Every structure is written in structure tokens, then in C-alpha cells.
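K.L.:
What follows is data39.txt, compact mmCIF, C-alpha atoms.
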# COMPACT_ATOMS: atom_id res chain seq x y z
CA MET A 1 -45.68 -22.32 28.20
CA PRO A 2 -49.28 -23.57 28.04
CA VAL A 3 -49.42 -26.94 26.30
CA VAL A 4 -51.33 -30.19 26.56
CA ARG A 5 -49.01 -32.15 28.78
CA ARG A 6 -48.60 -35.87 29.31
CA ALA A 7 -46.93 -36.05 32.69
CA LEU A 8 -46.02 -38.69 35.24
CA VAL A 9 -48.51 -38.36 38.06
CA LEU A 10 -47.69 -39.60 41.53
CA THR A 11 -50.13 -41.92 43.21
CA ALA A 12 -52.39 -40.18 45.67
CA SER A 13 -50.87 -41.96 48.64
CA ALA A 14 -47.30 -41.23 47.59
CA ALA A 15 -47.94 -37.56 46.96
CA SER A 16 -49.85 -37.06 50.16
CA ALA A 17 -47.36 -38.93 52.27
CA ALA A 18 -44.38 -37.05 50.87
CA LEU A 19 -45.92 -33.64 51.35
CA LEU A 20 -47.71 -34.13 54.62
CA ALA A 21 -44.68 -35.74 56.20
CA ALA A 22 -42.65 -32.65 55.30
CA CYS A 23 -45.17 -30.15 56.66
CA SER A 24 -47.65 -31.11 59.36
CA PRO A 25 -51.17 -29.70 58.93
CA SER A 26 -52.09 -26.36 60.44
CA PRO A 27 -55.40 -25.86 62.22
CA ALA A 28 -58.28 -24.32 60.32
CA PRO A 29 -58.19 -20.52 60.33
CA SER A 30 -61.06 -19.87 62.70
CA ALA A 31 -59.58 -16.88 64.48
CA PRO A 32 -60.82 -13.44 63.46
CA GLY A 33 -58.93 -11.64 60.71
CA GLY A 34 -57.13 -8.34 61.05
CA ASP A 35 -60.36 -6.41 60.40
CA GLY A 36 -62.27 -8.30 63.08
CA ALA A 37 -64.07 -10.54 60.58
CA PRO A 38 -63.80 -14.35 60.86
CA ALA A 39 -61.05 -15.87 58.75
CA ALA A 40 -62.17 -17.49 55.51
CA THR A 41 -62.53 -21.26 55.47
CA SER A 42 -62.81 -21.61 51.69
CA ILE A 43 -61.47 -19.97 48.53
CA THR A 44 -61.93 -20.29 44.79
CA GLU A 45 -59.00 -21.15 42.48
CA LEU A 46 -58.62 -21.00 38.68
CA ASP A 47 -56.08 -22.82 36.47
CA TYR A 48 -55.81 -24.29 32.98
CA TYR A 49 -54.54 -27.79 33.79
CA ALA A 50 -57.35 -29.32 31.79
CA ASP A 51 -55.66 -32.47 30.50
CA GLU A 52 -56.29 -35.58 32.58
CA GLN A 53 -52.84 -36.23 33.99
CA GLY A 54 -51.83 -32.62 34.54
CA SER A 55 -55.15 -31.94 36.21
CA ALA A 56 -54.77 -34.93 38.51
CA ALA A 57 -51.25 -33.88 39.51
CA TRP A 58 -52.40 -30.35 40.32
CA GLN A 59 -55.44 -31.57 42.24
CA LYS A 60 -53.13 -33.53 44.57
CA ILE A 61 -51.19 -30.34 45.29
CA LEU A 62 -54.40 -28.46 46.07
CA ASP A 63 -55.69 -31.30 48.25
CA THR A 64 -52.46 -31.34 50.24
CA CYS A 65 -52.54 -27.59 50.83
CA ALA A 66 -56.23 -27.69 51.71
CA THR A 67 -55.42 -30.25 54.42
CA GLN A 68 -52.35 -28.36 55.57
CA THR A 69 -54.08 -24.97 55.86
CA GLY A 70 -57.58 -26.10 56.77
CA ILE A 71 -58.94 -24.04 53.87
CA LYS A 72 -61.31 -25.62 51.37
CA ILE A 73 -60.29 -24.94 47.77
CA GLU A 74 -63.07 -24.76 45.20
CA ARG A 75 -61.25 -25.37 41.96
CA GLN A 76 -62.20 -24.07 38.52
CA LYS A 77 -60.36 -25.04 35.33
CA VAL A 78 -60.61 -23.93 31.73
CA PRO A 79 -58.86 -24.87 28.48
CA THR A 80 -55.62 -23.01 27.86
CA ASN A 81 -56.95 -20.86 25.03
CA GLN A 82 -59.85 -19.65 27.19
CA MET A 83 -57.74 -18.67 30.19
CA LEU A 84 -56.58 -15.15 29.36
CA PRO A 85 -59.94 -13.94 27.98
CA LYS A 86 -61.67 -15.30 31.09
CA VAL A 87 -59.14 -13.66 33.41
CA LEU A 88 -59.30 -10.28 31.68
CA GLN A 89 -63.09 -10.40 31.72
CA GLY A 90 -63.03 -11.29 35.41
CA ALA A 91 -60.60 -8.44 36.10
CA SER A 92 -62.93 -6.00 34.37
CA SER A 93 -66.03 -7.21 36.21
CA LYS A 94 -64.20 -7.77 39.52
CA THR A 95 -65.21 -11.44 39.52
CA LEU A 96 -61.81 -13.11 39.56
CA PRO A 97 -61.29 -16.15 41.79
CA ASN A 98 -59.36 -15.78 45.06
CA LEU A 99 -56.33 -17.64 43.70
CA LEU A 100 -55.13 -17.64 40.10
CA PHE A 101 -52.55 -19.74 38.24
CA THR A 102 -51.87 -18.31 34.79
CA ASP A 103 -49.19 -18.61 32.12
CA ASN A 104 -46.26 -16.44 33.18
CA PRO A 105 -46.19 -14.18 30.04
CA THR A 106 -49.73 -13.02 30.83
CA LEU A 107 -48.99 -11.92 34.41
CA GLN A 108 -48.04 -8.33 33.55
CA GLN A 109 -51.06 -7.92 31.34
CA VAL A 110 -53.33 -8.96 34.21
CA ALA A 111 -51.42 -6.92 36.79
CA ALA A 112 -51.77 -3.83 34.58
CA THR A 113 -55.54 -3.95 35.14
CA GLY A 114 -55.03 -3.40 38.87
CA ALA A 115 -56.71 -6.70 39.66
CA LEU A 116 -53.80 -8.35 41.51
CA THR A 117 -52.24 -7.82 44.93
CA PRO A 118 -48.50 -7.77 45.76
CA LEU A 119 -47.34 -11.05 47.26
CA SER A 120 -45.50 -9.16 49.98
CA ASP A 121 -48.96 -8.57 51.49
CA TYR A 122 -48.93 -12.24 52.50
CA GLY A 123 -45.35 -12.48 53.70
CA ILE A 124 -44.29 -14.39 50.58
CA SER A 125 -40.57 -13.90 50.01
CA THR A 126 -38.68 -14.35 46.74
CA ASP A 127 -35.40 -15.19 48.46
CA GLY A 128 -33.69 -18.18 46.87
CA TYR A 129 -35.62 -18.02 43.60
CA TYR A 130 -33.96 -17.76 40.20
CA ASP A 131 -33.82 -14.08 39.30
CA SER A 132 -35.55 -14.65 35.94
CA ILE A 133 -38.48 -16.30 37.71
CA VAL A 134 -38.90 -13.32 40.00
CA LYS A 135 -38.78 -10.98 36.99
CA ALA A 136 -41.51 -13.02 35.29
CA GLY A 137 -43.83 -12.23 38.19
CA THR A 138 -42.88 -8.59 38.61
CA TYR A 139 -44.84 -5.59 37.36
CA GLN A 140 -43.75 -1.99 37.98
CA GLY A 141 -41.36 -3.01 40.72
CA LYS A 142 -43.74 -5.23 42.70
CA VAL A 143 -43.98 -9.02 42.66
CA TYR A 144 -47.52 -10.11 41.86
CA GLY A 145 -46.89 -13.74 40.95
CA VAL A 146 -44.46 -16.55 41.67
CA ALA A 147 -44.18 -19.99 40.08
CA PRO A 148 -43.70 -23.16 42.15
CA GLY A 149 -41.95 -24.63 39.12
CA VAL A 150 -41.06 -23.80 35.53
CA ASN A 151 -40.58 -25.68 32.30
CA GLY A 152 -38.32 -25.13 29.35
CA LEU A 153 -37.04 -26.47 26.05
CA ALA A 154 -34.06 -28.70 25.27
CA LEU A 155 -32.79 -30.90 22.46
CA ILE A 156 -34.12 -34.43 22.84
CA TYR A 157 -32.52 -37.08 20.64
CA ASN A 158 -32.93 -40.75 19.75
CA LYS A 159 -29.79 -42.47 21.03
CA ASP A 160 -30.10 -45.44 18.69
CA LEU A 161 -30.48 -43.32 15.54
CA LEU A 162 -27.56 -41.07 16.43
CA GLN A 163 -25.35 -44.02 17.29
CA ALA A 164 -26.18 -45.80 14.02
CA ALA A 165 -25.28 -42.66 12.06
CA GLY A 166 -22.11 -42.03 14.05
CA VAL A 167 -23.42 -38.68 15.26
CA GLU A 168 -22.68 -37.09 18.64
CA PRO A 169 -25.34 -34.93 20.33
CA PRO A 170 -24.72 -31.45 18.88
CA LYS A 171 -23.63 -28.50 21.01
CA THR A 172 -23.34 -25.72 18.41
CA TRP A 173 -25.36 -24.50 15.45
CA ASP A 174 -22.81 -25.90 13.00
CA GLU A 175 -22.92 -29.28 14.72
CA LEU A 176 -26.72 -29.25 14.76
CA LYS A 177 -26.86 -28.42 11.04
CA THR A 178 -24.42 -31.21 10.19
CA ALA A 179 -26.11 -33.74 12.46
CA ALA A 180 -29.60 -32.94 11.16
CA ALA A 181 -28.45 -33.36 7.56
CA LYS A 182 -26.73 -36.67 8.27
CA LEU A 183 -29.75 -38.03 10.15
CA THR A 184 -32.20 -37.09 7.39
CA LYS A 185 -32.71 -40.25 5.35
CA ASP A 186 -35.13 -43.08 4.64
CA GLY A 187 -38.12 -40.75 5.01
CA LYS A 188 -37.01 -39.56 8.44
CA TYR A 189 -36.03 -36.02 9.34
CA GLY A 190 -32.99 -35.07 11.36
CA LEU A 191 -34.75 -32.40 13.42
CA SER A 192 -38.29 -31.37 14.27
CA PHE A 193 -39.71 -28.34 16.08
CA SER A 194 -42.92 -26.35 16.25
CA ALA A 195 -43.23 -23.15 14.23
CA ILE A 196 -46.98 -22.55 14.27
CA SER A 197 -48.25 -18.97 14.08
CA SER A 198 -48.85 -18.46 17.78
CA GLU A 199 -47.01 -18.06 21.07
CA GLU A 200 -46.05 -21.73 20.76
CA GLY A 201 -44.03 -20.99 17.62
CA THR A 202 -42.40 -17.91 19.14
CA TRP A 203 -41.54 -19.81 22.29
CA GLN A 204 -39.74 -22.48 20.26
CA PHE A 205 -37.84 -19.92 18.19
CA LEU A 206 -36.72 -17.72 21.10
CA PRO A 207 -33.76 -19.95 22.13
CA PHE A 208 -32.23 -19.37 18.68
CA PHE A 209 -33.19 -15.68 18.70
CA TRP A 210 -31.93 -14.86 22.21
CA SER A 211 -28.87 -17.12 22.15
CA ASN A 212 -27.68 -15.17 19.11
CA GLY A 213 -27.94 -11.85 20.96
CA ALA A 214 -31.22 -10.60 19.45
CA GLU A 215 -33.68 -8.58 21.54
CA LEU A 216 -37.47 -8.37 21.40
CA SER A 217 -37.28 -4.58 21.21
CA GLN A 218 -35.64 -4.86 17.76
CA LEU A 219 -37.04 -7.78 15.81
CA ASP A 220 -35.23 -6.81 12.60
CA SER A 221 -31.69 -6.67 14.02
CA PRO A 222 -28.84 -8.48 12.25
CA GLN A 223 -28.73 -10.99 15.11
CA ALA A 224 -32.44 -11.73 14.69
CA ALA A 225 -32.05 -12.13 10.93
CA GLN A 226 -29.15 -14.54 11.38
CA ALA A 227 -31.18 -16.68 13.79
CA LEU A 228 -34.24 -16.77 11.53
CA GLN A 229 -32.10 -17.53 8.49
CA TYR A 230 -30.49 -20.43 10.33
CA VAL A 231 -33.86 -22.01 11.18
CA THR A 232 -35.17 -21.32 7.67
CA ASP A 233 -32.15 -23.04 6.14
CA LEU A 234 -32.84 -26.16 8.21
CA VAL A 235 -36.25 -26.39 6.56
CA ASN A 236 -35.13 -25.40 3.06
CA SER A 237 -32.36 -28.01 3.12
CA GLY A 238 -34.84 -30.75 4.00
CA SER A 239 -33.25 -31.48 7.40
CA ALA A 240 -36.52 -30.36 8.99
CA SER A 241 -39.97 -30.89 7.54
CA LYS A 242 -41.89 -28.07 5.88
CA SER A 243 -44.75 -29.21 8.11
CA VAL A 244 -43.15 -27.56 11.14
CA VAL A 245 -45.35 -24.52 10.36
CA THR A 246 -48.41 -26.63 11.23
CA TRP A 247 -47.00 -28.85 13.99
CA SER A 248 -47.76 -28.11 17.62
CA GLN A 249 -45.31 -29.26 20.26
CA ASN A 250 -47.44 -32.35 20.85
CA ASP A 251 -47.33 -33.09 17.11
CA VAL A 252 -43.54 -32.84 17.25
CA ALA A 253 -43.48 -35.30 20.16
CA ASP A 254 -45.67 -37.65 18.12
CA GLN A 255 -43.15 -37.52 15.28
CA PHE A 256 -40.31 -38.31 17.67
CA VAL A 257 -42.07 -41.20 19.40
CA SER A 258 -43.04 -42.73 16.05
CA GLY A 259 -39.42 -42.60 14.89
CA ASN A 260 -40.04 -40.08 12.11
CA THR A 261 -37.47 -37.66 13.48
CA ALA A 262 -34.12 -38.27 15.15
CA MET A 263 -34.04 -35.08 17.21
CA MET A 264 -36.59 -32.59 18.44
CA ILE A 265 -36.75 -29.28 20.24
CA ASN A 266 -39.34 -29.82 22.92
CA GLY A 267 -40.27 -29.39 26.53
CA SER A 268 -39.69 -31.13 29.82
CA TRP A 269 -43.35 -32.13 30.08
CA ASN A 270 -42.70 -34.83 27.44
CA ILE A 271 -40.29 -36.82 29.62
CA ALA A 272 -42.89 -39.05 31.24
CA ARG A 273 -44.42 -39.83 27.86
CA LEU A 274 -41.02 -40.80 26.47
CA ASP A 275 -40.38 -43.01 29.49
CA GLU A 276 -43.54 -44.92 28.66
CA GLN A 277 -41.98 -46.01 25.34
CA LYS A 278 -39.87 -48.93 26.57
CA SER A 279 -38.15 -49.43 23.21
CA LEU A 280 -37.24 -45.76 22.89
CA HIS A 281 -33.79 -44.79 24.12
CA TYR A 282 -33.50 -41.03 24.33
CA GLY A 283 -31.10 -38.43 25.64
CA VAL A 284 -31.50 -34.76 26.53
CA VAL A 285 -28.95 -31.97 26.05
CA PRO A 286 -29.19 -28.18 26.14
CA ILE A 287 -30.27 -26.47 22.93
CA PRO A 288 -27.22 -25.89 20.68
CA VAL A 289 -25.75 -22.39 20.62
CA PRO A 290 -24.15 -20.28 17.87
CA GLN A 291 -20.59 -20.70 19.12
CA ALA A 292 -18.76 -23.26 21.24
CA GLY A 293 -18.65 -22.32 24.90
CA GLY A 294 -21.86 -20.30 24.81
CA LYS A 295 -24.90 -20.85 26.98
CA PRO A 296 -28.41 -21.31 25.55
CA VAL A 297 -30.95 -18.66 26.47
CA VAL A 298 -34.35 -20.31 26.60
CA ALA A 299 -37.67 -18.79 27.57
CA LEU A 300 -39.16 -19.65 30.93
CA GLY A 301 -42.38 -21.62 30.74
CA GLY A 302 -44.86 -22.47 33.42
CA GLU A 303 -47.52 -20.82 35.51
CA VAL A 304 -47.38 -18.19 38.23
CA GLY A 305 -49.64 -18.09 41.25
CA ALA A 306 -51.29 -14.74 41.97
CA VAL A 307 -53.84 -13.43 44.48
CA PRO A 308 -56.49 -11.16 42.93
CA VAL A 309 -58.14 -8.34 44.82
CA SER A 310 -61.25 -9.61 46.58
CA SER A 311 -63.54 -8.49 49.35
CA GLY A 312 -63.54 -10.03 52.79
CA PRO A 313 -61.07 -12.45 54.39
CA ALA A 314 -60.74 -14.81 51.40
CA GLN A 315 -57.85 -12.73 50.05
CA GLN A 316 -55.67 -13.54 53.08
CA ALA A 317 -56.76 -17.18 52.94
CA ALA A 318 -55.67 -17.36 49.31
CA GLY A 319 -52.30 -15.96 50.32
CA LYS A 320 -51.96 -18.71 52.92
CA VAL A 321 -52.75 -21.42 50.33
CA LEU A 322 -50.27 -19.90 47.87
CA SER A 323 -47.59 -19.93 50.59
CA CYS A 324 -48.22 -23.66 51.00
CA ILE A 325 -47.97 -24.27 47.25
CA LEU A 326 -44.68 -22.38 47.17
CA SER A 327 -43.19 -24.25 50.13
CA GLU A 328 -40.12 -26.27 49.19
CA PRO A 329 -41.62 -29.74 49.84
CA THR A 330 -44.67 -28.92 47.73
CA MET A 331 -42.53 -27.30 45.04
CA LEU A 332 -40.41 -30.43 44.76
CA GLU A 333 -43.37 -32.80 44.59
CA TRP A 334 -45.12 -30.67 41.96
CA SER A 335 -41.98 -30.68 39.84
CA LYS A 336 -41.66 -34.46 40.11
CA ALA A 337 -45.31 -34.99 39.25
CA HIS A 338 -45.41 -32.62 36.28
CA ALA A 339 -41.83 -32.71 34.94
CA TYR A 340 -41.15 -29.09 35.90
CA ILE A 341 -38.02 -27.54 37.38
CA PRO A 342 -38.34 -26.17 40.94
CA SER A 343 -38.20 -22.38 41.06
CA LYS A 344 -35.65 -22.15 43.87
CA THR A 345 -32.03 -22.71 42.92
CA ALA A 346 -31.15 -25.07 45.78
CA VAL A 347 -34.28 -27.17 45.26
CA ALA A 348 -33.67 -27.31 41.49
CA GLN A 349 -30.10 -28.50 41.95
CA LYS A 350 -31.26 -31.29 44.24
CA PHE A 351 -34.00 -32.17 41.76
CA GLY A 352 -31.56 -32.41 38.83
CA THR A 353 -29.36 -34.79 40.80
CA GLU A 354 -32.32 -37.03 41.59
CA GLN A 355 -33.85 -36.83 38.08
CA PRO A 356 -31.02 -37.24 35.50
CA SER A 357 -33.34 -36.86 32.50
CA MET A 358 -34.22 -33.38 33.79
CA GLN A 359 -30.64 -32.19 34.34
CA ALA A 360 -30.32 -30.41 30.97
CA PHE A 361 -33.49 -28.45 31.70
CA VAL A 362 -32.18 -27.55 35.15
CA ASP A 363 -28.89 -26.39 33.63
CA GLU A 364 -30.74 -24.05 31.27
CA VAL A 365 -32.83 -22.31 33.94
CA GLY A 366 -29.79 -20.39 35.16
CA THR A 367 -29.56 -18.48 31.87
CA ALA A 368 -33.25 -18.58 30.93
CA ARG A 369 -35.20 -15.36 30.43
CA SER A 370 -38.67 -14.16 31.21
CA ARG A 371 -40.51 -13.32 28.01
CA THR A 372 -42.07 -10.24 29.59
CA ALA A 373 -39.08 -8.87 31.55
CA GLU A 374 -38.18 -6.50 28.71
CA LEU A 375 -41.59 -5.54 27.34
CA GLY A 376 -44.10 -6.24 30.11
CA GLU A 377 -47.70 -6.25 28.95
CA LYS A 378 -46.58 -5.33 25.41
CA TYR A 379 -45.08 -8.79 24.92
CA PRO A 380 -48.13 -10.57 23.38
CA LYS A 381 -48.23 -8.18 20.41
CA VAL A 382 -44.49 -8.54 19.79
CA SER A 383 -44.71 -12.31 20.15
CA GLN A 384 -47.41 -12.59 17.49
CA ALA A 385 -45.43 -10.39 15.12
CA LEU A 386 -42.40 -12.64 15.53
CA ALA A 387 -44.50 -15.77 15.03
CA ASP A 388 -45.88 -14.30 11.80
CA ALA A 389 -42.34 -13.55 10.59
CA LEU A 390 -41.32 -17.13 11.34
CA GLN A 391 -44.23 -18.44 9.27
CA ALA A 392 -43.54 -16.07 6.39
CA ALA A 393 -39.88 -17.05 6.20
CA LEU A 394 -40.34 -20.80 6.63
CA THR A 395 -43.06 -21.03 4.00
CA GLY A 396 -40.96 -19.02 1.53
CA LYS A 397 -43.61 -16.34 1.33
CA THR A 398 -41.22 -13.57 2.37
CA PRO A 399 -37.41 -13.30 2.61
CA VAL A 400 -36.04 -13.26 6.15
CA ASP A 401 -35.04 -9.58 6.23
CA ALA A 402 -38.39 -8.43 4.85
CA ALA A 403 -40.35 -10.70 7.21
CA LEU A 404 -38.56 -9.27 10.24
CA LYS A 405 -38.94 -5.70 9.03
CA THR A 406 -42.69 -6.26 8.77
CA ALA A 407 -42.67 -7.83 12.23
CA GLN A 408 -40.88 -4.84 13.72
CA GLN A 409 -43.44 -2.48 12.21
CA ALA A 410 -46.34 -4.62 13.39
CA SER A 411 -44.97 -4.97 16.92
CA GLY A 412 -45.02 -1.26 17.62
CA SER A 413 -41.99 -1.71 19.88
Represent the supplied structure as C-alpha cells.
P.N.:
Amino acid sequence: MPVVRRALVLTASAASAALLAACSPSPAPSAPGGDGAPAATSITELDYYADEQGSAAWQKILDTCATQTGIKIERQKVPTNQMLPKVLQGASSKTLPNLLFTDNPTLQQVAATGALTPLSDYGISTDGYYDSIVKAGTYQGKVYGVAPGVNGLALIYNKDLLQAAGVEPPKTWDELKTAAAKLTKDGKYGLSFSAISSEEGTWQFLPFFWSNGAELSQLDSPQAAQALQYVTDLVNSGSASKSVVTWSQNDVADQFVSGNTAMMINGSWNIARLDEQKSLHYGVVPIPVPQAGGKPVVALGGEVGAVPVSSGPAQQAAGKVLSCILSEPTMLEWSKAHAYIPSKTAVAQKFGTEQPSMQAFVDEVGTARSRTAELGEKYPKVSQALADALQAALTGKTPVDAALKTAQQASGS
């Protein structure tokens, strides 16, 4: 999920030492390529890590892999909202960079243009990855992108406020409803989340939608209506603010840090920011589910690395750099630096053990879903239709059933 992230960034020396100790540098690729041409010594790379800390964390990863492969990486970065238009324009004009890191729900849309190359061309294997992560990078049976790490949503709560109210961290929808109501007092809300009319709002609603058995191919199903009604009732009862329709995920984090809300649905990238608040005692649990014993189904967030079609030897060089980024030592260091979950199951399990505040997020990856696995490049249109339905219901403009019926018609699915 593309967001402005405040993440814990490793010092340059620590990051370099950890990664370079794990993988000794390879010599520069000066030997001729398979077509007889000299191997490329530099590539271009595009990403949207534009915020200061996220950008610094990513730059350390690129610097490490530049040293390890001997390939200079000329980095380009753009704001999140400019990324997809720039990539689609570049695909049309055949001016894409040699290496691309884009939000995972956009991968199929880019691959559909014919602008990307299968990662098997570079000997990149998907063995050991979570199946949902592989699906997120797959288009028409071929893997065009793989993420070194993913992010997700969980329920983050203020330990002091819950303890004072005699409330246990909720596990089910009934428990969440009761807890949110009991914690709403003295001008503070029990629960906060983002429900803005964009992918950000859809992304935050999907755990309720999917965990209740709804599918993106039928937005107006009874399961979808039940999930939307549940979220709408939280707002109508006053347990969540009516302002959720205008709050971004960063706004929700601001509300939590300031003590205006006792619980929030938010992402792993907030952990470092919360750790900076020395007086804030927080806990993290999986997002509550409809029935006891169920598992939450959250949407996978994060970026996938892809190698666009390009002329000359730079394409193979980009594949070599991507292989470095996807190596387990680099994957682990990126996850530590940016509060992501490693994409390989064994690495993620180790990471959760070492980072207790991330364990709930790690637990959820096993049942998480790719937003585009079902609909491919059609997902963005469906996502916007669902976000519009969420807005219509939460603002009281349209009843839940009618809002979802309109969404189904608008989605064209």
C-alpha cells in the first residue's frame, strides 16, 4: 500500500556491515554479454519512496547492491500519486527505467502493456515465498514482479487506555464493537480507521470485507453488505468518528499518537513512529474477525520489483541487481529498516521472533491476499467503486445495500 511512511532507518554503517558481511561483493560485470556486447555497468531505477526516512532506507539497499554487483544504480523517485501515470506513459513510449519498484496492485496493469519481462529470464526463483506474494506478481501465468518485503494492517491499541477501561484487546467483531463503545468517552473515540474515497479506503476496508467471505467479483453480496453495515454501525454509534471519511492513514496515526483514539486499524510502517513516543504504551493484535477461531484476511501491501523491456545489456544488469535486492540478507535488512515483513516464509518467521511488535503482522501474512489475484488489471476500477460505496454508506448518503448495488454496476465485474 503506498503511504507516507515514518520508518526506523538503520545507520549507514550498520546497514552496510550487516548486508556486506552476509554477501561478499561480486566483481563488476565487465565480461561480454550473451549477445557479444559488453555487460552493462549502470542501470536506471524508479521508485516512489519519496519521504525522507523511507527514501534513506531504500537508498542504503541500492547502495549495498551496487557495491555487491559492481553495477551503478541511477535512481529516480516520484511521489506516490505520480507513479502509475509515469509508468504507463513510459510503457507506451518505451522509456521505462531498467528496474522498477511499483505498488503491487498496479503490477498486472503494467504487465498487460507488454512492457515487463518474466523474472525467470534472470534465474529469479519464487521458491520459499508466500503464495499470495507470488500471485501478486503474476500475470497470465508468468511472474513479472516479486517483493522483497510486504506490509499489512493490524489493530494497534493503547495499553493504558484499555487497562483503565478494563478492556481486553478484541479478537472478534462483537468484542471490537463492545470495546470501541466502552472506550469512547471524554472526547476520545474507541476506534479509528481511514475510509477516504481512494485505494487507501478500500485497502482498510478489505480485511472486514474478505474476512466475512465477500469477493471482489460480487460487491453487492450478502457477505459484503454485512461487512459494510458493521463498519457503518461503528461510525453511526459514535464509536468511530464521522471524520474517518476524510482521514488518511497518517491522519489516523496522528489521532492515535495524540491520544484521541484508543485503537486504530493501521499499518506496520507506523511502528517506528510509535516507538518514538516514549510515554505511549501500545500493543498490536491481528484485526478482529467475524467469529471466534477465524483468521483475518488482510490485503498485501508493499512494492514489487520488476524488470522492464529495454535494449542492450542493461536488462540483464537490472536482473542481477533485483536478485541482490531479493537475497535473504537484503530482504531481512530492508524489512528491519522499513517495518515490512520479509516475503519468504522462513525469513518472516525469524523476523517475527526478533521483532515482537511485528509478530501480529507476520501472523497475518499467511492468510493475506493479493488484491489483484482475482481480477488482475481490472482491480483499480473495482477498488474505486468499493471506496465510493464505503463513502456513501458512512456519510449516510446511501443505504448499505443500495451503495453496494451501485458499486457492483460501476465496477463492471
K.L.:
For segment 225-241 of chain A, work out the shell of residues within 6 Å, counting all atoms listed in the file and skipping chain neighbours fewer than 6 positions away, then give it as a list of chain:residue names.
P.N.:
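Surrounding residues, per the criterion: A:Ala180, A:Ala181, A:Thr184, A:Tyr189, A:Gly190, A:Leu191, A:Ser192, A:Phe208, A:Phe209, A:Leu394.
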K.L.:
Restricted to C-alpha atoms, what would the selected residues look like written as a PDB file, in the coordinates of the input?
P.N.:
ATOM      1  CA  ALA A 180     -29.600 -32.940  11.160  1.00  0.00           C
ATOM      2  CA  ALA A 181     -28.450 -33.360   7.560  1.00  0.00           C
ATOM      3  CA  THR A 184     -32.200 -37.090   7.390  1.00  0.00           C
ATOM      4  CA  TYR A 189     -36.030 -36.020   9.340  1.00  0.00           C
ATOM      5  CA  GLY A 190     -32.990 -35.070  11.360  1.00  0.00           C
ATOM      6  CA  LEU A 191     -34.750 -32.400  13.420  1.00  0.00           C
ATOM      7  CA  SER A 192     -38.290 -31.370  14.270  1.00  0.00           C
ATOM      8  CA  PHE A 208     -32.230 -19.370  18.680  1.00  0.00           C
ATOM      9  CA  PHE A 209     -33.190 -15.680  18.700  1.00  0.00           C
ATOM     10  CA  LEU A 394     -40.340 -20.800   6.630  1.00  0.00           C
TER      11      LEU A 394
END
K.L.:
So which residues touch Leu88 of chain A within 12 Å, counting only C-alpha atoms, skipping near sequence neighbours fewer than 2 positions away, as a list in words?
P.N.:
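Residues near the query, excluding close chain neighbours: Gln82, Met83, Leu84, Pro85, Lys86, Gly90, Ala91, Ser92, Ser93, Lys94, Thr95, Leu96, Pro97, Leu100, Thr102, Thr106, Leu107, Gln108, Gln109, Val110, Ala111, Ala112, Thr113, Gly114, Ala115, Leu116 and Pro308 of chain A.
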K.L.:
Tell me, in Å to one decimal, how far atom CA of Glu215 of chain A is from atom CA of Gly294 of chain A.
P.N.:
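Going from atom CA of Glu215 of chain A over to atom CA of Gly294 of chain A covers 17.0 Å.
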K.L.:
Which one is closest to Ala56 of chain A: A:Asp220, A:Ala393, A:Ala337, A:Leu153? Count all atoms listed in the file.
P.N.:
A:Ala337
K.L.:
Give the answer as one residue: which of A:Gly141, A:Pro356, A:Gly128, A:Pro170 has the shortest atom-to-atom distance to Ser327 of chain A, using only C-alpha atoms?
P.N.:
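With only C-alpha atoms as the atom set, the closest residue is A:Gly128.
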K.L.:
Find, counting all atoms listed in the file, the residue in A:Val244, A:Ala360, A:Leu404, A:Val134 that gets nearest to Gly149 of chain A.
P.N.:
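Going through A:Val244, A:Ala360, A:Leu404, A:Val134 one by one, the smallest distance to Gly149 of chain A is for A:Val134.
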K.L.:
Quick one: everything within 10 Å of Asp174 of chain A, counting all atoms listed in the file, minus sequence neighbours fewer than 5 positions away in the same chain. Send it as a count of residues only.
P.N.:
8
K.L.:
Ranking A:Gly123, A:Gly213, A:Pro169, A:Gly187 by minimum distance to Leu326 of chain A and counting only C-alpha atoms, which one comes first?
P.N.:
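Among A:Gly123, A:Gly213, A:Pro169, A:Gly187, it is A:Gly123 that comes nearest to Leu326 of chain A.
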K.L.:
So, with only C-alpha atoms as the atoms that count, which of A:Glu328, A:Asp160, A:Asp63, A:Glu200 lies closest to Gly259 of chain A?
P.N.:
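Smallest separation from Gly259 of chain A among the options: A:Asp160.
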K.L.:
Excluding same-chain residues fewer than 6 positions from Gln408 of chain A, what lies within 10 Å of it counting all atoms listed in the file, as a list in words?
P.N.:
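Near Gln408 of chain A, the qualifying residues are Leu216, Ser217, Gln218, Leu219, Asp220, Ser221, Val382, Ala385, Leu386, Ala389 and Ala402 of chain A.
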K.L.:
Return the single residue from A:Val167, A:Ile265, A:Ala195, A:Ile271 that is closest to Trp247 of chain A, with distances computed using all atoms listed in the file.
P.N.:
A:Ala195
K.L.:
Mind pulling up the distance from atom CA of Phe256 of chain A to atom CA of Ile196 of chain A?
P.N.:
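Spanning atom CA of Ile196 of chain A to atom CA of Phe256 of chain A is a straight-line distance of 17.4 Å.
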